[in-house]
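Below: one structure, written as structure tokens.
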Amino acid sequence: MEKESKNLEKLLTKIRHCWIMVEGKKDKAALMQLGCPNILTISGNLKISCQKLDTLDPIPEEVVVLTDFDKRGKQLALLAKDELEAHSIRADLRTRFELGRILKIRYFEDVKRHYDDLTQGEN
């Protein structure tokens with residue numbers, strides 16, 4: 001369990017210092033509670049979200065895609081990857097899988113609750 005905690009903290013450190021794409025407002029709110037400030041929602045329009053990234057200085061080299069693990073989330077992850085790559089931005093989907101595995105989540109709106117349950121269970 002200690003190894004999983006270290007992996008989780010490493011993942012959280014990463015996502016706190018990079019840009020993240022999520023499906024909607026609830027996902028964004030949950031990740032903000034974990035200290036992640038740079039979050040774009042793609043529920044409105046994926047192309048517009050990628051265009052926003054193009055206006056940043058500097059333009060991110062990589063974006064972590066954290067979509068849910070349902071059918072829609074899987075489809076959005078692949079669409080986001082394609083769209084980001086069209087803007088010459090790498091899409092990190094691996095972090096999505098690792099967070100989902102460690103926290104045993106299906107929906108990212110539950111990430112804070114699952115994080116709290118896991119970390120409080122260690123004390």
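Residue numbering restarts at 1 in every chain; chains get A, B, ... in the order shown in the structure tokens, and ligands count up from 1 in that same order.
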
Selection: 12 Å around Ile102 in chain A, only C-alpha atoms, excl. self and same-chain fewer than 5 positions, as an MDAnalysis selection string: chainID A and resid 1:12 95:97 111 114:115 117:119

Selection file, N, CA, C and O atoms, as a short mmCIF file (atom, residue, chain, number, x, y, z; two decimals), in the first residue's frame:
```cif
data_model
loop_
_atom_site.label_atom_id
_atom_site.label_comp_id
_atom_site.auth_asym_id
_atom_site.auth_seq_id
_atom_site.Cartn_x
_atom_site.Cartn_y
_atom_site.Cartn_z
N MET A 1 0.83 -1.20 0.00
CA MET A 1 0.00 0.00 0.00
C MET A 1 0.87 1.26 0.00
O MET A 1 0.49 2.26 -0.57
N GLU A 2 2.03 1.18 0.66
CA GLU A 2 2.91 2.34 0.71
C GLU A 2 3.39 2.72 -0.69
O GLU A 2 3.49 3.90 -1.02
N LYS A 3 3.67 1.71 -1.52
CA LYS A 3 4.11 1.98 -2.90
C LYS A 3 3.02 2.71 -3.68
O LYS A 3 3.29 3.65 -4.42
N GLU A 4 1.77 2.28 -3.51
CA GLU A 4 0.65 2.93 -4.18
C GLU A 4 0.51 4.38 -3.73
O GLU A 4 0.22 5.26 -4.53
N SER A 5 0.71 4.64 -2.44
CA SER A 5 0.63 6.01 -1.93
C SER A 5 1.70 6.89 -2.55
O SER A 5 1.44 8.04 -2.92
N LYS A 6 2.90 6.35 -2.70
CA LYS A 6 3.98 7.12 -3.33
C LYS A 6 3.66 7.38 -4.79
O LYS A 6 3.89 8.49 -5.29
N ASN A 7 3.13 6.38 -5.48
CA ASN A 7 2.75 6.56 -6.88
C ASN A 7 1.65 7.60 -7.01
O ASN A 7 1.66 8.43 -7.92
N LEU A 8 0.68 7.55 -6.10
CA LEU A 8 -0.42 8.52 -6.12
C LEU A 8 0.11 9.93 -5.91
O LEU A 8 -0.26 10.84 -6.65
N GLU A 9 0.98 10.12 -4.95
CA GLU A 9 1.52 11.45 -4.68
C GLU A 9 2.34 11.95 -5.87
O GLU A 9 2.31 13.13 -6.20
N LYS A 10 3.05 11.05 -6.52
CA LYS A 10 3.83 11.43 -7.70
C LYS A 10 2.89 11.89 -8.82
O LYS A 10 3.14 12.90 -9.49
N LEU A 11 1.79 11.17 -9.02
CA LEU A 11 0.80 11.55 -10.04
C LEU A 11 0.15 12.89 -9.71
O LEU A 11 -0.03 13.74 -10.59
N LEU A 12 -0.17 13.08 -8.44
CA LEU A 12 -0.80 14.34 -8.04
C LEU A 12 0.16 15.51 -8.20
O LEU A 12 -0.25 16.60 -8.63
N THR A 95 -1.68 8.80 -17.31
CA THR A 95 -1.99 9.29 -15.96
C THR A 95 -3.45 9.02 -15.62
O THR A 95 -3.77 8.68 -14.48
N ARG A 96 -4.33 9.13 -16.59
CA ARG A 96 -5.75 8.82 -16.40
C ARG A 96 -5.93 7.39 -15.90
O ARG A 96 -6.63 7.14 -14.92
N PHE A 97 -5.26 6.46 -16.58
CA PHE A 97 -5.38 5.05 -16.19
C PHE A 97 -4.78 4.80 -14.81
O PHE A 97 -5.35 4.06 -14.00
N VAL A 111 -13.04 11.97 -7.58
CA VAL A 111 -11.62 11.82 -7.29
C VAL A 111 -11.25 12.30 -5.89
O VAL A 111 -10.49 11.66 -5.19
N HIS A 114 -12.52 9.77 -3.19
CA HIS A 114 -11.73 8.54 -3.20
C HIS A 114 -10.32 8.79 -2.66
O HIS A 114 -9.77 7.95 -1.96
N TYR A 115 -9.76 9.95 -2.98
CA TYR A 115 -8.44 10.32 -2.45
C TYR A 115 -8.51 10.42 -0.93
O TYR A 115 -7.66 9.86 -0.22
N ASP A 117 -10.68 9.01 1.11
CA ASP A 117 -10.90 7.68 1.67
C ASP A 117 -9.60 6.89 1.73
O ASP A 117 -9.31 6.23 2.73
N LEU A 118 -8.82 6.96 0.67
CA LEU A 118 -7.56 6.20 0.61
C LEU A 118 -6.55 6.74 1.60
O LEU A 118 -5.93 5.99 2.34
N THR A 119 -6.39 8.05 1.65
CA THR A 119 -5.36 8.63 2.52
C THR A 119 -5.76 8.58 3.99
O THR A 119 -4.91 8.43 4.86
#
```

Neighbour list for Leu78 in chain A as a PyMOL selection string, cut-off 12 Å, only C-alpha atoms, skip fewer than 4 positions in-chain: chain A and resi 46+65-68+71-74+82-85+91-93

Same residues, C-alpha atoms, output as a short mmCIF file (atom, residue, chain, number, x, y, z; two decimals), in the first residue's frame:
```cif
data_model
loop_
_atom_site.label_atom_id
_atom_site.label_comp_id
_atom_site.auth_asym_id
_atom_site.auth_seq_id
_atom_site.Cartn_x
_atom_site.Cartn_y
_atom_site.Cartn_z
CA LEU A 46 -13.15 20.21 -27.66
CA VAL A 65 -6.55 14.01 -20.31
CA LEU A 66 -8.70 12.90 -17.36
CA THR A 67 -12.01 11.74 -18.77
CA ASP A 68 -14.32 9.28 -17.05
CA LYS A 71 -18.12 4.71 -22.82
CA ARG A 72 -18.45 8.47 -23.39
CA GLY A 73 -15.29 9.21 -21.40
CA LYS A 74 -13.26 6.70 -23.38
CA ASP A 82 -6.39 13.46 -31.73
CA GLU A 83 -7.30 17.12 -31.34
CA LEU A 84 -4.35 17.89 -29.06
CA GLU A 85 -1.96 16.20 -31.45
CA ALA A 91 -1.85 13.95 -24.81
CA ASP A 92 -1.08 12.02 -21.63
CA LEU A 93 -3.66 9.27 -21.23
#
```

Polymer residues at most 9 Å from range 16-27 of chain A, only C-alpha atoms, same-chain spacing of 4 or more positions, as a PDB file with N, CA and C atoms, in the first residue's frame:
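Output below, filename result-v1.pdb:
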```pdb
ATOM      1  N   LEU A  11       1.786  11.170  -9.023  1.00  0.00           N
ATOM      2  CA  LEU A  11       0.803  11.551 -10.040  1.00  0.00           C
ATOM      3  C   LEU A  11       0.153  12.894  -9.709  1.00  0.00           C
ATOM      4  N   LEU A  12      -0.174  13.085  -8.440  1.00  0.00           N
ATOM      5  CA  LEU A  12      -0.802  14.344  -8.036  1.00  0.00           C
ATOM      6  C   LEU A  12       0.161  15.512  -8.204  1.00  0.00           C
ATOM      7  N   LEU A  31     -11.036  18.177  -9.003  1.00  0.00           N
ATOM      8  CA  LEU A  31      -9.582  18.265  -9.171  1.00  0.00           C
ATOM      9  C   LEU A  31      -9.027  19.559  -8.585  1.00  0.00           C
ATOM     10  N   MET A  32      -9.797  20.619  -8.634  1.00  0.00           N
ATOM     11  CA  MET A  32      -9.359  21.869  -8.008  1.00  0.00           C
ATOM     12  C   MET A  32      -9.224  21.694  -6.496  1.00  0.00           C
ATOM     13  N   LEU A  34      -8.120  19.173  -5.119  1.00  0.00           N
ATOM     14  CA  LEU A  34      -6.840  18.473  -4.922  1.00  0.00           C
ATOM     15  C   LEU A  34      -5.653  19.364  -5.275  1.00  0.00           C
ATOM     16  N   GLY A  35      -5.914  20.630  -5.562  1.00  0.00           N
ATOM     17  CA  GLY A  35      -4.839  21.567  -5.821  1.00  0.00           C
ATOM     18  C   GLY A  35      -4.403  21.683  -7.265  1.00  0.00           C
ATOM     19  N   CYS A  36      -5.269  21.316  -8.185  1.00  0.00           N
ATOM     20  CA  CYS A  36      -4.953  21.404  -9.619  1.00  0.00           C
ATOM     21  C   CYS A  36      -5.572  22.689 -10.187  1.00  0.00           C
ATOM     22  N   PRO A  37      -4.740  23.681 -10.544  1.00  0.00           N
ATOM     23  CA  PRO A  37      -5.288  24.959 -10.985  1.00  0.00           C
ATOM     24  C   PRO A  37      -5.544  25.086 -12.492  1.00  0.00           C
ATOM     25  N   ASN A  38      -4.861  24.323 -13.306  1.00  0.00           N
ATOM     26  CA  ASN A  38      -4.901  24.517 -14.761  1.00  0.00           C
ATOM     27  C   ASN A  38      -5.768  23.465 -15.428  1.00  0.00           C
ATOM     28  N   ILE A  39      -7.067  23.709 -15.424  1.00  0.00           N
ATOM     29  CA  ILE A  39      -8.016  22.707 -15.915  1.00  0.00           C
ATOM     30  C   ILE A  39      -8.936  23.322 -16.954  1.00  0.00           C
ATOM     31  N   LEU A  40      -9.075  22.632 -18.080  1.00  0.00           N
ATOM     32  CA  LEU A  40     -10.036  23.003 -19.118  1.00  0.00           C
ATOM     33  C   LEU A  40     -11.110  21.932 -19.192  1.00  0.00           C
ATOM     34  N   THR A  41     -12.360  22.364 -19.347  1.00  0.00           N
ATOM     35  CA  THR A  41     -13.437  21.399 -19.565  1.00  0.00           C
ATOM     36  C   THR A  41     -13.671  21.268 -21.064  1.00  0.00           C
ATOM     37  N   ILE A  42     -13.955  20.057 -21.481  1.00  0.00           N
ATOM     38  CA  ILE A  42     -14.166  19.813 -22.909  1.00  0.00           C
ATOM     39  C   ILE A  42     -15.623  19.489 -23.219  1.00  0.00           C
ATOM     40  N   SER A  43     -16.493  19.615 -22.221  1.00  0.00           N
ATOM     41  CA  SER A  43     -17.907  19.286 -22.453  1.00  0.00           C
ATOM     42  C   SER A  43     -18.555  20.250 -23.440  1.00  0.00           C
ATOM     43  N   GLY A  44     -18.104  21.489 -23.455  1.00  0.00           N
ATOM     44  CA  GLY A  44     -18.675  22.464 -24.377  1.00  0.00           C
ATOM     45  C   GLY A  44     -18.229  22.203 -25.800  1.00  0.00           C
ATOM     46  N   SER A  49     -11.500  24.313 -26.643  1.00  0.00           N
ATOM     47  CA  SER A  49     -10.566  24.086 -25.537  1.00  0.00           C
ATOM     48  C   SER A  49      -9.128  24.008 -26.044  1.00  0.00           C
ATOM     49  N   LEU A  53      -5.665  26.569 -25.467  1.00  0.00           N
ATOM     50  CA  LEU A  53      -4.289  26.168 -25.155  1.00  0.00           C
ATOM     51  C   LEU A  53      -3.292  26.874 -26.078  1.00  0.00           C
ATOM     52  N   PRO A  60       1.479  24.716 -23.779  1.00  0.00           N
ATOM     53  CA  PRO A  60       1.914  23.474 -23.131  1.00  0.00           C
ATOM     54  C   PRO A  60       2.387  22.435 -24.148  1.00  0.00           C
ATOM     55  N   GLU A  62       2.460  19.254 -23.258  1.00  0.00           N
ATOM     56  CA  GLU A  62       1.683  18.061 -22.929  1.00  0.00           C
ATOM     57  C   GLU A  62       0.474  18.463 -22.089  1.00  0.00           C
ATOM     58  N   VAL A  63      -0.633  17.759 -22.300  1.00  0.00           N
ATOM     59  CA  VAL A  63      -1.848  17.957 -21.512  1.00  0.00           C
ATOM     60  C   VAL A  63      -2.299  16.583 -21.014  1.00  0.00           C
ATOM     61  N   VAL A  64      -2.651  16.524 -19.738  1.00  0.00           N
ATOM     62  CA  VAL A  64      -3.161  15.284 -19.158  1.00  0.00           C
ATOM     63  C   VAL A  64      -4.668  15.243 -19.407  1.00  0.00           C
ATOM     64  N   VAL A  65      -5.129  14.183 -20.019  1.00  0.00           N
ATOM     65  CA  VAL A  65      -6.552  14.005 -20.310  1.00  0.00           C
ATOM     66  C   VAL A  65      -7.142  13.099 -19.230  1.00  0.00           C
ATOM     67  N   LEU A  66      -8.073  13.652 -18.450  1.00  0.00           N
ATOM     68  CA  LEU A  66      -8.696  12.904 -17.358  1.00  0.00           C
ATOM     69  C   LEU A  66     -10.203  12.823 -17.585  1.00  0.00           C
ATOM     70  N   THR A  67     -10.590  11.973 -18.505  1.00  0.00           N
ATOM     71  CA  THR A  67     -12.014  11.743 -18.765  1.00  0.00           C
ATOM     72  C   THR A  67     -12.451  10.499 -18.019  1.00  0.00           C
ATOM     73  N   ASP A  68     -13.752  10.393 -17.813  1.00  0.00           N
ATOM     74  CA  ASP A  68     -14.315   9.276 -17.054  1.00  0.00           C
ATOM     75  C   ASP A  68     -14.037   7.935 -17.738  1.00  0.00           C
ATOM     76  N   GLY A  73     -16.597   8.736 -21.827  1.00  0.00           N
ATOM     77  CA  GLY A  73     -15.286   9.209 -21.397  1.00  0.00           C
ATOM     78  C   GLY A  73     -14.154   8.621 -22.220  1.00  0.00           C
ATOM     79  N   LEU A  76     -14.220  10.378 -25.578  1.00  0.00           N
ATOM     80  CA  LEU A  76     -13.696  11.737 -25.444  1.00  0.00           C
ATOM     81  C   LEU A  76     -12.174  11.744 -25.283  1.00  0.00           C
ATOM     82  N   ALA A  80      -9.900  13.785 -27.719  1.00  0.00           N
ATOM     83  CA  ALA A  80      -9.011  14.813 -27.166  1.00  0.00           C
ATOM     84  C   ALA A  80      -7.574  14.562 -27.593  1.00  0.00           C
ATOM     85  N   TYR A 107     -15.613   7.793 -12.222  1.00  0.00           N
ATOM     86  CA  TYR A 107     -15.903   9.162 -12.623  1.00  0.00           C
ATOM     87  C   TYR A 107     -14.960  10.109 -11.884  1.00  0.00           C
ATOM     88  N   PHE A 108     -14.363  11.046 -12.615  1.00  0.00           N
ATOM     89  CA  PHE A 108     -13.400  11.948 -11.996  1.00  0.00           C
ATOM     90  C   PHE A 108     -14.044  12.953 -11.042  1.00  0.00           C
ATOM     91  N   GLU A 109     -15.350  13.113 -11.096  1.00  0.00           N
ATOM     92  CA  GLU A 109     -15.997  13.985 -10.118  1.00  0.00           C
ATOM     93  C   GLU A 109     -15.880  13.398  -8.709  1.00  0.00           C
ATOM     94  N   ASP A 110     -15.567  12.096  -8.618  1.00  0.00           N
ATOM     95  CA  ASP A 110     -15.413  11.416  -7.330  1.00  0.00           C
ATOM     96  C   ASP A 110     -13.965  11.349  -6.856  1.00  0.00           C
ATOM     97  N   VAL A 111     -13.042  11.972  -7.581  1.00  0.00           N
ATOM     98  CA  VAL A 111     -11.619  11.819  -7.288  1.00  0.00           C
ATOM     99  C   VAL A 111     -11.247  12.299  -5.888  1.00  0.00           C
TER     100      VAL A 111
END
```

DSSP alpha helix (DSSP H) residues within chain A, as an MDAnalysis selection string: chainID A and resid 2:16 25:33 46:54 71:86 94:103 111:121

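A straight line drawn from CA of Gln75 in chain A to CA of Leu56 in chain A is 26.0 Å long.
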
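Distances from A:Ala29, A:Asp54, A:Glu61, A:Leu103 to Arg90 in chain A were compared using only C-alpha atoms, and the smallest one belongs to A:Glu61.
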
Length of the CA of Arg94 in chain A to CA of Asp116 in chain A vector [Å]: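 Distance reported for this atom pair: 22.1 Å.
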
Those in chain A with strand (DSSP E) from DSSP, as a list in words: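 Everything in chain A that counts as strand (DSSP E) is Trp19, Ile20, Met21, Val22, Ile39, Leu40, Thr41, Glu62, Val63, Val64, Val65, Leu66, Arg90, Ala91 and Asp92 of chain A.
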
Output file for the residues above (N, CA and C atoms, as a short mmCIF file (atom, residue, chain, number, x, y, z; two decimals), in the first residue's frame):
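Once written, result.cif looks like this:
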```cif
data_model
loop_
_atom_site.label_atom_id
_atom_site.label_comp_id
_atom_site.auth_asym_id
_atom_site.auth_seq_id
_atom_site.Cartn_x
_atom_site.Cartn_y
_atom_site.Cartn_z
N TRP A 19 -1.28 21.21 -17.45
CA TRP A 19 -2.64 21.45 -17.90
C TRP A 19 -3.40 20.13 -17.97
N ILE A 20 -4.68 20.20 -17.63
CA ILE A 20 -5.54 19.01 -17.58
C ILE A 20 -6.80 19.30 -18.37
N MET A 21 -7.29 18.29 -19.07
CA MET A 21 -8.60 18.36 -19.73
C MET A 21 -9.53 17.36 -19.05
N VAL A 22 -10.72 17.85 -18.68
CA VAL A 22 -11.74 16.99 -18.08
C VAL A 22 -13.05 17.17 -18.84
N ILE A 39 -7.07 23.71 -15.42
CA ILE A 39 -8.02 22.71 -15.92
C ILE A 39 -8.94 23.32 -16.95
N LEU A 40 -9.07 22.63 -18.08
CA LEU A 40 -10.04 23.00 -19.12
C LEU A 40 -11.11 21.93 -19.19
N THR A 41 -12.36 22.36 -19.35
CA THR A 41 -13.44 21.40 -19.56
C THR A 41 -13.67 21.27 -21.06
N GLU A 62 2.46 19.25 -23.26
CA GLU A 62 1.68 18.06 -22.93
C GLU A 62 0.47 18.46 -22.09
N VAL A 63 -0.63 17.76 -22.30
CA VAL A 63 -1.85 17.96 -21.51
C VAL A 63 -2.30 16.58 -21.01
N VAL A 64 -2.65 16.52 -19.74
CA VAL A 64 -3.16 15.28 -19.16
C VAL A 64 -4.67 15.24 -19.41
N VAL A 65 -5.13 14.18 -20.02
CA VAL A 65 -6.55 14.01 -20.31
C VAL A 65 -7.14 13.10 -19.23
N LEU A 66 -8.07 13.65 -18.45
CA LEU A 66 -8.70 12.90 -17.36
C LEU A 66 -10.20 12.82 -17.58
N ARG A 90 1.23 16.96 -26.94
CA ARG A 90 1.13 15.55 -26.54
C ARG A 90 -0.04 15.37 -25.56
N ALA A 91 -0.76 14.29 -25.72
CA ALA A 91 -1.85 13.95 -24.81
C ALA A 91 -1.39 12.82 -23.90
N ASP A 92 -1.44 13.05 -22.61
CA ASP A 92 -1.08 12.02 -21.63
C ASP A 92 -2.35 11.32 -21.19
#
```

Option closest in space to Lys52 in chain A, from A:His87, A:Phe69, A:Lys28, A:Gln33 [counting only C-alpha atoms]: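 Nearest candidate to Lys52 in chain A out of A:His87, A:Phe69, A:Lys28, A:Gln33: A:His87.
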